[in-house]
Amino acid sequence: MAKDRIHTEITNLGDWGNIPFICPVTIITTVNKKGKVNAAIKSWITPACSTPPLLLFSCNIKHDTAKNILETREFVVNIPMLDIKEKTLITAKEYPPEVNELKEAGLTPIPTERVKPPAIEECIAHLECILEWQKQYGDEIIICGRVLSASCDRKIWEASKEEKQRILENLMITLTAGGTILK
Ligand SMILES: Cc1cc2nc3c(=O)[nH]c(=O)nc-3n(C[C@H](O)[C@H](O)[C@H](O)COP(=O)(O)O)c2cc1C
């Protein structure tokens, strides 16, 4: 007998959220043209090309993250793990542009190699990007970033496959909508 299935054309965010399609949890750091730091959790993100190294993510056009990237063309993708889940979630709060979410969350900014936005000390890896291209659909903008420099905790980079598997079980994942972190 055929399985009982729901068929949908995915017409809204709620539909997306019902599909068990998981996304990684990241924190994107940016600065505006005055150098004010912004940090926000973003999970609609994926690597997209190896040579050149490109990644894609989607952002609401009204978010400070999108505004800052269009203004300064730079951003850093920071990879948090479960040990900083509560702090990571604070960066999802809608603060005014003058508020530095890193301070609110108690996360530590560290200097980057190739771009102005800081990276986050407590994260296990960082991808320093410049804006390659962008395309807007309604209220959302798809941002393609070219990775200029990346860093990773040595203990993860040099870990054996088994060790890596054990450590990375603590990565955070979420569904495509709803904002609930599954793990
Ligand atoms: C788990 C989770 C994932 C999220 N992923 C995204 C995302 O991929 N794109 C997006 O625009 N907003 C996403 N958000 C919402 C933003 O983090 C939130 O609206 C934030 O306040 C935007 O901050 P900003 O204005 O500083 O960019 C997510 C929120 C949560 C809780």
# chains A, B, ... in the order shown; residues from 1 in each chain; ligands from 1
>>> select_by_dssp(residues="segment 35-154 of chain A", states="strand (DSSP E or B)", output="ChimeraX atom specification")
/A:37-42,45-49,54-60,74-79,81,109-110,119-120,125-137,140-152
>>> residues_near_ligand(ligand="ligand 1", cutoff="9 Å", atoms="only C-alpha atoms and all ligand atoms", output="PyMOL selection string")
chain A and resi 23-30+38-45+57-68+88-97+99-101+140-141+172-182
>>> closest_residue(among="A:Pro20, A:Gly14, A:Gly138, A:Gly35", to="Lys116 of chain A", atoms="only C-alpha atoms")
A:Gly35
>>> select_by_dssp(residues="segment 7-174 of chain A", states="helix (DSSP H, G or I)", output="PyMOL selection string")
chain A and resi 13-18+64-72+82-90+101-105+154-157+161-168
>>> residues_around(residues="Thr112 of chain A", least_positions_apart="5", cutoff="9 Å", atoms="only C-alpha atoms", output="VMD selection string")
chain A and resid 76 117 to 119 126 128 149
>>> write_last_selection(atoms="N, CA, C and O atoms", output="PDB file, in the first residue's frame")
ATOM      1  N   VAL A  76      31.441  37.709   7.808  1.00  0.00           N
ATOM      2  CA  VAL A  76      32.122  36.511   8.319  1.00  0.00           C
ATOM      3  C   VAL A  76      31.063  35.513   8.770  1.00  0.00           C
ATOM      4  O   VAL A  76      30.123  35.876   9.479  1.00  0.00           O
ATOM      5  N   PRO A 117      34.752  42.915   9.370  1.00  0.00           N
ATOM      6  CA  PRO A 117      33.962  42.354  10.478  1.00  0.00           C
ATOM      7  C   PRO A 117      34.800  41.401  11.333  1.00  0.00           C
ATOM      8  O   PRO A 117      35.659  40.682  10.802  1.00  0.00           O
ATOM      9  N   PRO A 118      34.542  41.393  12.643  1.00  0.00           N
ATOM     10  CA  PRO A 118      35.290  40.468  13.504  1.00  0.00           C
ATOM     11  C   PRO A 118      34.761  39.054  13.376  1.00  0.00           C
ATOM     12  O   PRO A 118      33.635  38.842  12.911  1.00  0.00           O
ATOM     13  N   ALA A 119      35.562  38.097  13.805  1.00  0.00           N
ATOM     14  CA  ALA A 119      35.092  36.719  13.950  1.00  0.00           C
ATOM     15  C   ALA A 119      34.716  36.533  15.423  1.00  0.00           C
ATOM     16  O   ALA A 119      34.875  37.451  16.234  1.00  0.00           O
ATOM     17  N   HIS A 126      35.592  29.874  11.071  1.00  0.00           N
ATOM     18  CA  HIS A 126      35.209  31.199  10.574  1.00  0.00           C
ATOM     19  C   HIS A 126      35.514  31.278   9.088  1.00  0.00           C
ATOM     20  O   HIS A 126      36.589  30.839   8.660  1.00  0.00           O
ATOM     21  N   GLU A 128      35.785  34.089   6.143  1.00  0.00           N
ATOM     22  CA  GLU A 128      35.797  35.523   5.834  1.00  0.00           C
ATOM     23  C   GLU A 128      35.420  35.693   4.366  1.00  0.00           C
ATOM     24  O   GLU A 128      36.086  35.142   3.489  1.00  0.00           O
ATOM     25  N   SER A 149      39.337  33.890   3.263  1.00  0.00           N
ATOM     26  CA  SER A 149      40.192  33.297   4.288  1.00  0.00           C
ATOM     27  C   SER A 149      39.303  32.506   5.244  1.00  0.00           C
ATOM     28  O   SER A 149      38.147  32.868   5.457  1.00  0.00           O
TER      29      SER A 149
END
>>> residues_around(residues="segment 160-169 of chain A", least_positions_apart="4", cutoff="9 Å", atoms="only C-alpha atoms", output="compact mmCIF listing (two decimals) with C-alpha atoms, in the first residue's frame")
# COMPACT_ATOMS: atom_id res chain seq x y z
CA MET A 81 28.43 24.53 18.67
CA LYS A 155 41.94 20.18 17.33
CA ILE A 156 39.13 19.78 14.77
CA LYS A 183 20.24 19.87 18.21
>>> atom_distance(atom1="atom CA of Leu127 of chain A", atom2="atom CA of Val77 of chain A")
5.0 Å
>>> atom_distance(atom1="atom CA of Glu71 of chain A", atom2="atom CA of Ile120 of chain A")
21.3 Å
>>> decode(residues="segment 135-178 of chain A", atoms="N, CA and C atoms", output="short mmCIF file (atom, residue, chain, number, x, y, z; two decimals), in the first residue's frame")
data_model
loop_
_atom_site.label_atom_id
_atom_site.label_comp_id
_atom_site.auth_asym_id
_atom_site.auth_seq_id
_atom_site.Cartn_x
_atom_site.Cartn_y
_atom_site.Cartn_z
N LYS A 135 20.97 38.57 -5.30
CA LYS A 135 19.73 38.61 -6.08
C LYS A 135 18.55 38.62 -5.13
N GLN A 136 17.67 39.59 -5.34
CA GLN A 136 16.53 39.76 -4.43
C GLN A 136 15.28 39.09 -4.99
N TYR A 137 14.56 38.39 -4.13
CA TYR A 137 13.24 37.83 -4.45
C TYR A 137 12.31 38.29 -3.33
N GLY A 138 11.37 39.18 -3.63
CA GLY A 138 10.47 39.68 -2.58
C GLY A 138 11.28 40.30 -1.46
N ASP A 139 11.01 39.85 -0.23
CA ASP A 139 11.69 40.42 0.94
C ASP A 139 13.02 39.76 1.24
N GLU A 140 13.40 38.80 0.40
CA GLU A 140 14.64 38.07 0.72
C GLU A 140 15.71 38.32 -0.33
N ILE A 141 16.93 38.28 0.14
CA ILE A 141 18.05 38.46 -0.78
C ILE A 141 18.98 37.27 -0.64
N ILE A 142 19.35 36.71 -1.79
CA ILE A 142 20.31 35.61 -1.78
C ILE A 142 21.68 36.23 -1.98
N ILE A 143 22.54 35.94 -1.05
CA ILE A 143 23.87 36.53 -1.08
C ILE A 143 24.89 35.44 -1.40
N CYS A 144 25.69 35.71 -2.40
CA CYS A 144 26.78 34.79 -2.73
C CYS A 144 28.07 35.42 -2.22
N GLY A 145 28.76 34.71 -1.38
CA GLY A 145 30.01 35.22 -0.82
C GLY A 145 31.19 34.42 -1.33
N ARG A 146 32.28 35.12 -1.60
CA ARG A 146 33.53 34.44 -1.97
C ARG A 146 34.39 34.38 -0.71
N VAL A 147 34.82 33.20 -0.37
CA VAL A 147 35.61 33.03 0.85
C VAL A 147 37.05 33.44 0.57
N LEU A 148 37.53 34.44 1.33
CA LEU A 148 38.91 34.92 1.14
C LEU A 148 39.87 34.24 2.10
N SER A 149 39.34 33.89 3.26
CA SER A 149 40.19 33.30 4.29
C SER A 149 39.30 32.51 5.24
N ALA A 150 39.85 31.43 5.78
CA ALA A 150 39.05 30.62 6.71
C ALA A 150 39.94 30.17 7.86
N SER A 151 39.33 29.95 9.02
CA SER A 151 40.11 29.41 10.13
C SER A 151 39.28 28.35 10.84
N CYS A 152 39.97 27.45 11.49
CA CYS A 152 39.29 26.33 12.15
C CYS A 152 40.12 25.94 13.37
N ASP A 153 39.45 25.58 14.46
CA ASP A 153 40.18 25.12 15.65
C ASP A 153 41.11 23.96 15.24
N ARG A 154 42.37 24.06 15.65
CA ARG A 154 43.36 23.05 15.25
C ARG A 154 42.92 21.64 15.64
N LYS A 155 42.29 21.53 16.86
CA LYS A 155 41.94 20.18 17.33
C LYS A 155 40.89 19.52 16.41
N ILE A 156 40.12 20.34 15.70
CA ILE A 156 39.13 19.78 14.77
C ILE A 156 39.78 19.51 13.41
N TRP A 157 40.55 20.47 12.94
CA TRP A 157 41.24 20.34 11.64
C TRP A 157 42.10 19.08 11.61
N GLU A 158 42.82 18.86 12.74
CA GLU A 158 43.78 17.74 12.76
C GLU A 158 43.20 16.45 13.32
N ALA A 159 41.93 16.45 13.70
CA ALA A 159 41.33 15.26 14.32
C ALA A 159 41.16 14.13 13.32
N SER A 160 41.19 12.91 13.82
CA SER A 160 40.91 11.74 12.97
C SER A 160 39.42 11.78 12.61
N LYS A 161 39.05 10.94 11.63
CA LYS A 161 37.66 10.91 11.20
C LYS A 161 36.72 10.60 12.39
N GLU A 162 37.15 9.65 13.23
CA GLU A 162 36.31 9.24 14.37
C GLU A 162 36.20 10.38 15.38
N GLU A 163 37.36 11.04 15.66
CA GLU A 163 37.34 12.17 16.62
C GLU A 163 36.46 13.29 16.10
N LYS A 164 36.62 13.58 14.79
CA LYS A 164 35.83 14.65 14.15
C LYS A 164 34.34 14.35 14.31
N GLN A 165 33.97 13.10 14.05
CA GLN A 165 32.56 12.69 14.15
C GLN A 165 32.04 12.95 15.56
N ARG A 166 32.87 12.60 16.55
CA ARG A 166 32.46 12.76 17.96
C ARG A 166 32.30 14.25 18.30
N ILE A 167 33.30 15.05 17.92
CA ILE A 167 33.26 16.49 18.27
C ILE A 167 32.09 17.17 17.56
N LEU A 168 31.94 16.83 16.26
CA LEU A 168 30.96 17.57 15.45
C LEU A 168 29.51 17.13 15.69
N GLU A 169 29.34 16.13 16.56
CA GLU A 169 27.97 15.82 16.99
C GLU A 169 27.37 17.01 17.73
N ASN A 170 28.24 17.89 18.19
CA ASN A 170 27.76 19.06 18.93
C ASN A 170 27.51 20.28 18.04
N LEU A 171 27.52 20.07 16.72
CA LEU A 171 27.12 21.18 15.83
C LEU A 171 25.62 21.39 16.00
N MET A 172 25.16 22.62 15.75
CA MET A 172 23.73 22.89 15.87
C MET A 172 23.05 22.81 14.51
N ILE A 173 21.87 22.22 14.49
CA ILE A 173 21.07 22.16 13.26
C ILE A 173 19.65 22.62 13.54
N THR A 174 18.97 23.07 12.50
CA THR A 174 17.59 23.53 12.65
C THR A 174 16.79 23.15 11.41
N LEU A 175 15.48 23.21 11.52
CA LEU A 175 14.64 23.00 10.33
C LEU A 175 14.66 24.26 9.48
N THR A 176 14.14 24.19 8.25
CA THR A 176 14.19 25.35 7.36
C THR A 176 13.35 26.53 7.83
N ALA A 177 12.42 26.30 8.75
CA ALA A 177 11.65 27.43 9.28
C ALA A 177 11.21 27.11 10.69
N GLY A 178 10.99 28.15 11.45
CA GLY A 178 10.49 27.97 12.81
C GLY A 178 11.48 28.44 13.86
#
